[in-house]
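Student: Before we start, here is the structure in question, set down as structure tokens.
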Amino acid sequence: MSQDLLMNAVSRLENVATRLESLARSQPASRTSSSSAGDSEVAPFILAFDAILSGPFAQYVSLSSSIGGDVKTQSDMVQGAFQAERQFLLTASQFKQPVQSVLPDLLKPISEKVSAIQDFREKNRNSPFFNHLSTISECVPALGWVNVSPKPGPYVKELADSGMFYGNRVLKEFKEKDPQHVEWIRSWNKTLVELQAYIKQFHTTGTAWNPQGPPAAAPARGGAPPPPPPGPPPPPPPAAVDSSGGGAEQERAALFSQLNKGTDITKGLKKVSDDMKTHKNPALRQGPAPFKAAGPPKTAPKPEAKVAPAAVSRPPLTQLQDKKWIVEYHNNNKDIIIDQTETKQVVYVYKCVGSTITVKGKVNSILLDGCKKSAVVFEDVVSSVEFINCQSVQGQVTGKMPTVIIDKTDGCMMYLSKDSIQAEIVTAKSSELNILVPQADGEYKEFALPEQFKSTWNGSKFVTIATESV
């Protein structure tokens with residue numbers, strides 16, 4: 001009996017040793033880089049971030065692989081973005097907060113991967129998984145919370161909410177057809193929820209740097225610090241780094257500071273006193289306006305110069321693809337007509353400026369996305385007409401229409417027909433909304449939809465009513 005007990009104890013000890021060795025092998029890079037900064041262990045907030053990666057995020061990646069196609073391709077890119085964020089957090093756990101000039105280069109790996117994810121969505125608007133791609137594309141800029149202060153948590157919440165519109169579309173489309181798409185949405189949403197809780201616990205007012213670490217320095221060109229040792233050519237790089245040790249460290253420091261500028265970018269601005277403000281000092285309004293300096297006008301046109309070409313950067317397209325009419329990138333085209341329609345077809349209008357689209361017959365739905373100063377005139381719609389991310393748009397129905405959805409749109413006029421007066425109008429995050437109702441004399445009467453709401457506690461719940469703007 002004693003020999004059996006001894007053998008059993010030895011066996012258990014061997015199992016424990018094996019598990020410890022396996023654990024040590026699974027985190028070599030983290031421990032090596034930690035020791036280089038004077039730490040013997042991985043920071044708790046790195047382990048907590050790893051728990052998110054191995055938890056709901058791992059489920060999202062697994063379901064993306066199962067769904068396949070563009071969803072899997074995008075999820076591979078999202079993995080790269082999360083790994084870039086982990087590398088940034090690992091750097092923060094080892095170094096003091098860097099000077100401002102260093103930060104842009106540090107954040108560059110994250111921003112490049114986020115931009116690639118958004119570009120992938122734009123290049124695959126005809127994908128059968130466009131709503132999936134859009135859900136991620138709208139939310140993934142939340143990884144920029146590492147450069148937000150003092151409220152990075154609410155920043156993530158805001159971007160998570162922006163993806164709900166497309167996420168709800170995925171749920172609606174696949175709820176009955178394929179439950180794994182529903183689980184896909186839930187795993188992604190849970191990832192963002194846990195990210196918010198993680199930020200609240202470890203980085204409440206901004207990225208937590210290591211006050212005991214050495215000064216943060218910029219990474220060597222082309223990589224984020226401290227990079228894992230490459231495969232074949234590790235010996236030559238160390239020699240090159242050692243020979244230029246001081247310079248590389250300074251370059252590294254220069255890289256780190258600009259990435260976490262956040263709201264500190266305004267610290268260098270001068271305080272404007274009351275006697276310098278035109279609305280508090282009427283004397284300044286007389287004569288030539290002193291505020292028309294040469295500086296501001298130079299900066300103002302630059303954003304418009306970039307935005308204007310983007311609206312028409314691609315050739316215009318009007319094409320039926322399967323059951324979807326694609327109308328995109330038209331500029332000042334008032335004669336876009338879609339007349340060979342069926343009830344199962346949808347019309348998707350994207351990035352059109354100053355254009356008018358006429359849809360004849362009955363279609364399933366019509367969606368205007370990212371359009372400016374454009375209008376759509378149509379006869380009958382089975383489900384809904386939607387305006388998303390638009391500015392100064394108009395819609396007119398001549399037949400029947402059950403629902404109008406207006407989301408993130410500034411300036412929308414919707415002309416109803418006699419058969420569509422009972423239509424439901426759903427609005428969110430929009431302004432300057434006007435519905436025009438036909439009268440007996442053939443004229444239209446305009447009604448503005450409320451933009452402000454007041455909520456009061458009645459003892460058991462909040463009651464919300466619309467209020468008129470003064």
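Residues are referred to by chain and number: the chain letter is A, B, ... according to the order shown in the structure tokens, the number counts from 1 in that chain, and ligands are numbered separately from 1 in the order shown.
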If you count only C-alpha atoms, which residues fall within 10 Å of Gln319 in chain A, apart from same-chain ones fewer than 6 positions away, as a count of residues only?
Tutor: 6
Student: Need to verify the contact set: Ala51 in chain A, 12 Å, only C-alpha atoms, exclusion of same-chain residues closer than 4 positions in sequence. Can you return it as a PyMOL selection string?
Tutor: chain A and resi 44-47+55-58+86+191+194-195+198
Student: Extract, using only C-alpha atoms, all DNA, RNA and protein residues at most 9 Å from Ala197 in chain A, discarding same-chain residues fewer than 5 positions from it, and format them as a ChimeraX atom specification.
Tutor: /A:153,192,202
Student: Taking the DSSP secondary structure from the backbone, can you list the residues of range 20-156 of chain A that are alpha helix (DSSP H), as a PyMOL selection string?
Tutor: chain A and resi 20-26+28-36+44-54+56-67+69-94+103-122+130-139+152-156
Student: Check the smallest atom-to-atom distance from each of A:Pro128, A:Gly167, A:Pro179, A:Pro154 to Lys200 in chain A using only C-alpha atoms, then report the winner.
Tutor: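 Distance minimum relative to Lys200 in chain A lands on A:Pro154.
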Student: Counting only C-alpha atoms, what is within 9 Å of Pro215 in chain A, bar same-chain residues fewer than 4 positions away, as a list of chain:residue names?
Tutor: A:Phe95, A:Lys96, A:Gln97, A:Pro98, A:Val99, A:Pro211, A:Ala253
Student: Could you check how far CA of Trp145 in chain A sits from CA of Arg125 in chain A, in Å to one decimal?
Tutor: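 Straight-line distance from CA of Trp145 in chain A to CA of Arg125 in chain A works out to 27.4 Å.
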